[in-house]
file structure_31.tsv (TSV, C-alpha atoms)
chain	number	residue	atom	x	y	z
A	14	MET	CA	-32.41	-18.90	-15.61
A	15	VAL	CA	-30.49	-16.51	-17.85
A	16	ALA	CA	-28.01	-14.08	-16.29
A	17	TYR	CA	-25.64	-11.59	-17.92
A	18	MET	CA	-22.50	-10.23	-16.29
A	19	PHE	CA	-21.10	-6.96	-17.66
A	20	PRO	CA	-17.34	-6.28	-17.55
A	21	GLY	CA	-15.46	-3.40	-16.05
A	22	GLN	CA	-12.34	-1.50	-17.00
A	23	GLY	CA	-9.72	-3.79	-18.47
A	24	ALA	CA	-12.07	-5.43	-20.98
A	25	GLN	CA	-11.29	-2.84	-23.67
A	26	PHE	CA	-9.68	-3.73	-26.98
A	27	PRO	CA	-9.05	-1.88	-30.25
A	28	GLY	CA	-11.95	-2.40	-32.64
A	29	MET	CA	-14.50	-2.88	-29.88
A	30	GLY	CA	-18.02	-2.09	-31.03
A	31	LYS	CA	-17.09	-1.64	-34.68
A	32	SER	CA	-19.02	-4.68	-35.91
A	33	LEU	CA	-22.07	-3.55	-33.92
A	34	TYR	CA	-21.82	-0.09	-35.48
A	35	GLU	CA	-21.51	-1.51	-38.99
A	36	SER	CA	-24.23	-4.16	-38.68
A	37	SER	CA	-27.00	-2.42	-36.75
A	38	SER	CA	-28.65	0.90	-37.53
A	39	GLU	CA	-29.90	1.03	-33.93
A	40	ALA	CA	-26.36	0.54	-32.60
A	41	LYS	CA	-25.00	3.16	-35.03
A	42	LYS	CA	-27.59	5.64	-33.76
A	43	LEU	CA	-26.58	4.98	-30.12
A	44	PHE	CA	-22.85	5.26	-30.85
A	45	ASP	CA	-23.41	8.52	-32.76
A	46	GLN	CA	-25.53	9.81	-29.87
A	47	ALA	CA	-22.67	8.92	-27.51
A	48	ASN	CA	-20.22	10.96	-29.61
A	49	GLU	CA	-22.54	13.96	-29.22
A	50	ILE	CA	-23.05	13.49	-25.46
A	51	LEU	CA	-19.33	13.06	-24.79
A	52	GLY	CA	-18.29	15.95	-27.02
A	53	PHE	CA	-15.67	13.91	-28.88
A	54	ARG	CA	-15.68	11.00	-31.31
A	55	ILE	CA	-15.07	8.11	-28.96
A	56	THR	CA	-15.98	5.79	-31.80
A	57	ASP	CA	-12.80	6.81	-33.65
A	58	ILE	CA	-10.72	5.67	-30.67
A	59	MET	CA	-12.78	2.53	-30.06
A	60	PHE	CA	-12.82	1.38	-33.67
A	61	ASP	CA	-9.43	2.51	-34.97
A	62	GLY	CA	-7.42	3.83	-32.04
A	63	THR	CA	-4.26	2.45	-30.53
A	64	PRO	CA	-4.29	0.27	-27.43
A	65	GLU	CA	-2.52	3.12	-25.61
A	66	ALA	CA	-5.21	5.67	-26.51
A	67	LEU	CA	-7.93	3.24	-25.50
A	68	LYS	CA	-6.19	2.57	-22.18
A	69	GLN	CA	-6.69	6.13	-20.90
A	70	THR	CA	-9.30	5.99	-18.14
A	71	ASN	CA	-11.30	8.91	-19.54
A	72	VAL	CA	-11.73	6.90	-22.76
A	73	THR	CA	-11.69	3.34	-21.43
A	74	GLN	CA	-14.64	3.64	-19.10
A	75	PRO	CA	-17.12	5.16	-21.55
A	76	ALA	CA	-15.87	2.78	-24.27
A	77	VAL	CA	-16.43	-0.35	-22.18
A	78	PHE	CA	-19.81	0.95	-21.06
A	79	LEU	CA	-20.86	1.77	-24.63
A	80	HIS	CA	-19.80	-1.56	-26.04
A	81	SER	CA	-21.61	-3.52	-23.31
A	82	ALA	CA	-24.75	-1.41	-23.06
A	83	ILE	CA	-25.25	-1.07	-26.81
A	84	ALA	CA	-24.69	-4.80	-27.34
A	85	ALA	CA	-27.42	-5.51	-24.78
A	86	LEU	CA	-29.81	-2.84	-26.05
A	87	THR	CA	-29.58	-4.01	-29.65
A	88	ALA	CA	-29.52	-7.78	-29.14
A	89	PRO	CA	-32.77	-9.17	-30.54
A	90	ASP	CA	-33.20	-11.90	-27.92
A	91	PHE	CA	-31.88	-10.14	-24.83
A	92	HIS	CA	-34.28	-11.10	-22.03
A	93	PRO	CA	-32.23	-11.92	-18.94
A	94	ASP	CA	-33.68	-13.01	-15.63
A	95	MET	CA	-30.93	-11.07	-13.91
A	96	VAL	CA	-27.95	-8.85	-14.67
A	97	ALA	CA	-24.85	-7.87	-12.76
A	98	GLY	CA	-21.78	-5.80	-13.43
A	99	HIS	CA	-18.19	-5.81	-12.30
A	100	SER	CA	-17.32	-2.31	-11.09
A	101	LEU	CA	-17.97	-0.06	-14.11
A	102	GLY	CA	-20.10	-2.87	-15.54
A	103	GLU	CA	-22.80	-2.04	-13.00
A	104	PHE	CA	-23.82	0.89	-15.20
A	105	SER	CA	-24.19	-1.36	-18.25
A	106	ALA	CA	-26.22	-3.81	-16.18
A	107	LEU	CA	-28.54	-1.05	-15.00
A	108	VAL	CA	-29.10	0.13	-18.58
A	109	ALA	CA	-29.60	-3.42	-19.83
A	110	ASN	CA	-32.16	-3.98	-17.08
A	111	LYS	CA	-33.86	-0.69	-18.01
A	112	SER	CA	-33.31	0.67	-14.51
A	113	LEU	CA	-31.25	3.58	-15.86
A	114	GLN	CA	-31.57	5.44	-19.16
A	115	PHE	CA	-28.69	5.06	-21.63
A	116	GLU	CA	-28.04	8.82	-21.85
A	117	ASP	CA	-28.03	9.30	-18.06
A	118	ALA	CA	-25.74	6.33	-17.51
A	119	LEU	CA	-23.30	7.57	-20.17
A	120	LYS	CA	-23.14	11.00	-18.51
A	121	LEU	CA	-22.48	9.36	-15.12
A	122	VAL	CA	-19.82	7.07	-16.55
A	123	HIS	CA	-18.17	10.01	-18.29
A	124	GLN	CA	-18.02	12.04	-15.06
A	125	ARG	CA	-16.69	9.00	-13.18
A	126	ALA	CA	-14.01	8.49	-15.84
A	127	LEU	CA	-12.95	12.16	-15.79
A	128	ALA	CA	-12.65	12.12	-12.00
A	129	MET	CA	-10.61	8.94	-12.04
A	130	GLN	CA	-8.38	10.25	-14.85
A	131	GLU	CA	-7.74	13.43	-12.87
A	132	ALA	CA	-6.87	11.40	-9.78
A	133	CYS	CA	-4.41	9.33	-11.84
A	134	GLU	CA	-2.74	12.46	-13.15
A	135	ILE	CA	-2.42	13.97	-9.67
A	136	ASN	CA	-1.03	10.77	-8.19
A	137	PRO	CA	0.26	8.36	-10.85
A	138	SER	CA	-0.65	4.81	-9.93
A	139	THR	CA	-1.55	1.50	-11.47
A	140	MET	CA	-3.11	-1.87	-10.82
A	141	ALA	CA	-2.03	-5.44	-11.55
A	142	ALA	CA	-3.94	-8.70	-11.50
A	143	ILE	CA	-2.11	-11.39	-9.57
A	144	LEU	CA	-3.02	-14.88	-10.74
A	145	GLY	CA	-2.45	-18.19	-9.03
A	146	LEU	CA	-1.22	-17.05	-5.63
A	147	PRO	CA	-3.16	-17.42	-2.40
A	148	ASP	CA	-4.66	-14.13	-1.19
A	149	GLU	CA	-2.62	-14.35	2.01
A	150	LYS	CA	0.65	-14.51	0.03
A	151	VAL	CA	-0.31	-11.48	-2.07
A	152	GLU	CA	-1.31	-9.57	1.10
A	153	GLU	CA	2.06	-10.50	2.64
A	154	ILE	CA	3.96	-9.23	-0.42
A	155	CYS	CA	2.01	-5.96	-0.39
A	156	ALA	CA	2.70	-5.41	3.31
A	157	SER	CA	6.42	-6.11	2.85
A	158	ILE	CA	7.03	-3.29	0.37
A	159	GLU	CA	8.43	-0.29	2.19
A	160	GLY	CA	8.32	3.29	0.96
A	161	HIS	CA	5.55	2.69	-1.58
A	162	ILE	CA	1.82	2.22	-1.43
A	163	VAL	CA	0.76	-1.27	-2.53
A	164	VAL	CA	-2.55	-2.72	-1.36
A	165	PRO	CA	-4.97	-5.48	-2.32
A	166	ALA	CA	-7.77	-3.76	-4.21
A	167	ASN	CA	-10.12	-6.34	-5.76
A	168	TYR	CA	-10.60	-9.89	-4.59
A	169	ASN	CA	-12.02	-11.05	-7.93
A	170	CYS	CA	-12.14	-14.80	-7.33
A	171	PRO	CA	-10.01	-17.49	-5.70
A	172	GLY	CA	-6.60	-17.23	-7.31
A	173	GLN	CA	-7.10	-13.73	-8.73
A	174	LEU	CA	-6.43	-10.67	-6.62
A	175	VAL	CA	-5.86	-7.22	-8.07
A	176	ILE	CA	-3.38	-4.97	-6.32
A	177	SER	CA	-3.22	-1.20	-6.55
A	178	GLY	CA	-0.60	1.37	-5.70
A	179	SER	CA	2.27	3.53	-6.86
A	180	LEU	CA	3.92	2.71	-10.17
A	181	GLU	CA	7.18	1.69	-8.48
A	182	GLY	CA	5.42	-0.19	-5.71
A	183	ILE	CA	3.38	-2.31	-8.12
A	184	GLN	CA	6.49	-3.06	-10.17
A	185	ILE	CA	8.32	-4.24	-7.03
A	186	ALA	CA	5.33	-6.35	-5.96
A	187	CYS	CA	5.11	-8.00	-9.37
A	188	GLU	CA	8.81	-8.87	-9.27
A	189	ASN	CA	8.27	-10.67	-5.95

call {"tool": "encode", "arguments": {"input": "structure_31.tsv", "output": "structure tokens"}}
result
Amino acid sequence: MVAYMFPGQGAQFPGMGKSLYESSSEAKKLFDQANEILGFRITDIMFDGTPEALKQTNVTQPAVFLHSAIAALTAPDFHPDMVAGHSLGEFSALVANKSLQFEDALKLVHQRALAMQEACEINPSTMAAILGLPDEKVEEICASIEGHIVVPANYNCPGQLVISGSLEGIQIACEN
């Protein structure tokens, strides 16, 4: 059995997708199409942008989606028995499985990213992955922080829990 898992936000890195763009005419066509759909040259940010520019939610989410979906769509031997996605990666999985059209998924991801970016601007917040502590300990730390919102957000796997909350609250939690 062959299964593919597609990543979510946080998997971005400067240069992502550039080798696909340069080595595959089909990938180049999809990336260029994405620039048109989005109304800006996301490829410039993905290929040559700074980590800070790529970290902005309104860029990160379409970039991670594009890299994952285009890699799957252009891979010559991509024939999985199943696909799955972590958070945002669900869109890439649906495209890879041909359950959702590339263009439609990109438009949905873009709207999702804009909404999340707007929410971040209205109420600045952040997330942090906590590694190596029992979930109960992380939950205890979150509950002990007064005056700030800090909550467990993603129980990724044993020993990795992502917390979410105010900028100050997350900083305090990470210091504990």

call {"tool": "closest_atom_pairs", "arguments": {"input": "structure_31.tsv", "of": "range 38-140 of chain A", "to": "range 158-162 of chain A", "cutoff": "12 Å", "atoms": "all atoms listed in the file", "output": "tab-separated table"}}
result
residue	atom	partner	partner_atom	distance
A:Asn136	CA	A:Ile162	CA	11.3
A:Pro137	CA	A:Ile162	CA	11.4
A:Ser138	CA	A:Ile162	CA	9.2
A:Thr139	CA	A:Ile162	CA	10.6
A:Met140	CA	A:Ile162	CA	11.4

call {"tool": "atom_distance", "arguments": {"input": "structure_31.tsv", "atom1": "CA of Ser81 in chain A", "atom2": "CA of Gln69 in chain A"}}
result
17.9 Å

call {"tool": "atom_distance", "arguments": {"input": "structure_31.tsv", "atom1": "CA of Met129 in chain A", "atom2": "CA of Asn71 in chain A"}}
result
7.5 Å

call {"tool": "atom_distance", "arguments": {"input": "structure_31.tsv", "atom1": "CA of Glu152 in chain A", "atom2": "CA of Asn169 in chain A"}}
result
14.1 Å

call {"tool": "residues_around", "arguments": {"input": "structure_31.tsv", "residues": "range 21-29 of chain A", "least_positions_apart": "2", "cutoff": "10 Å", "atoms": "only C-alpha atoms", "output": "MDAnalysis selection string"}}
result
chainID A and resid 18:19 31:34 56:68 70 72:81 98:105

call {"tool": "residues_near_point", "arguments": {"input": "structure_31.tsv", "point": "(-7.7, -15.4, -5.9)", "cutoff": "10 Å", "atoms": "only C-alpha atoms", "output": "compact mmCIF listing (two decimals) with C-alpha atoms, in the frame of the given file"}}
result
# COMPACT_ATOMS: atom_id res chain seq x y z
CA ALA A 142 -3.94 -8.70 -11.50
CA ILE A 143 -2.11 -11.39 -9.57
CA LEU A 144 -3.02 -14.88 -10.74
CA GLY A 145 -2.45 -18.19 -9.03
CA LEU A 146 -1.22 -17.05 -5.63
CA PRO A 147 -3.16 -17.42 -2.40
CA ASP A 148 -4.66 -14.13 -1.19
CA GLU A 149 -2.62 -14.35 2.01
CA VAL A 151 -0.31 -11.48 -2.07
CA ASN A 167 -10.12 -6.34 -5.76
CA TYR A 168 -10.60 -9.89 -4.59
CA ASN A 169 -12.02 -11.05 -7.93
CA CYS A 170 -12.14 -14.80 -7.33
CA PRO A 171 -10.01 -17.49 -5.70
CA GLY A 172 -6.60 -17.23 -7.31
CA GLN A 173 -7.10 -13.73 -8.73
CA LEU A 174 -6.43 -10.67 -6.62
CA VAL A 175 -5.86 -7.22 -8.07

call {"tool": "closest_residue", "arguments": {"input": "structure_31.tsv", "among": "A:Ala166, A:Ser177, A:Ile183, A:Lys120", "to": "Gly52 in chain A", "atoms": "all atoms listed in the file"}}
result
A:Lys120

call {"tool": "closest_residue", "arguments": {"input": "structure_31.tsv", "among": "A:Ala82, A:Ala16, A:Ile154, A:Ile176", "to": "Leu113 in chain A", "atoms": "only C-alpha atoms"}}
result
A:Ala82

call {"tool": "closest_residue", "arguments": {"input": "structure_31.tsv", "among": "A:Cys187, A:Val96, A:Leu86, A:Ser157", "to": "Gln114 in chain A", "atoms": "all atoms listed in the file"}}
result
A:Leu86

call {"tool": "axis_aligned_box", "arguments": {"input": "structure_31.tsv", "around": "range 45-51 of chain A", "padding_each_side": "4 Å", "output": "AutoDock Vina command-line options"}}
result
--center_x -22.4 --center_y 11.2 --center_z -28.8 --size_x 14.2 --size_y 13.4 --size_z 16.0

call {"tool": "residues_around", "arguments": {"input": "structure_31.tsv", "residues": "Val163 in chain A", "least_positions_apart": "6", "cutoff": "6 Å", "atoms": "all atoms listed in the file", "output": "list in words"}}
result
Cys155, Ser177, Gly178 and Gly182 of chain A

call {"tool": "write_last_selection", "arguments": {"input": "structure_31.tsv", "atoms": "C-alpha atoms", "output": "PDB file, in the coordinates of the input"}}
result
ATOM      1  CA  CYS A 155       2.010  -5.960  -0.390  1.00  0.00           C
ATOM      2  CA  SER A 177      -3.220  -1.200  -6.550  1.00  0.00           C
ATOM      3  CA  GLY A 178      -0.600   1.370  -5.700  1.00  0.00           C
ATOM      4  CA  GLY A 182       5.420  -0.190  -5.710  1.00  0.00           C
TER       5      GLY A 182
END

call {"tool": "closest_residue", "arguments": {"input": "structure_31.tsv", "among": "A:Glu39, A:Asp45, A:Glu181, A:Glu188", "to": "Ala85 in chain A", "atoms": "all atoms listed in the file"}}
result
A:Glu39

call {"tool": "closest_residue", "arguments": {"input": "structure_31.tsv", "among": "A:Ala97, A:Cys133, A:Ile83, A:Leu127", "to": "Leu43 in chain A", "atoms": "all atoms listed in the file"}}
result
A:Ile83

call {"tool": "closest_residue", "arguments": {"input": "structure_31.tsv", "among": "A:Ser179, A:Gln184, A:Ser36, A:Asn48", "to": "Ala88 in chain A", "atoms": "all atoms listed in the file"}}
result
A:Ser36
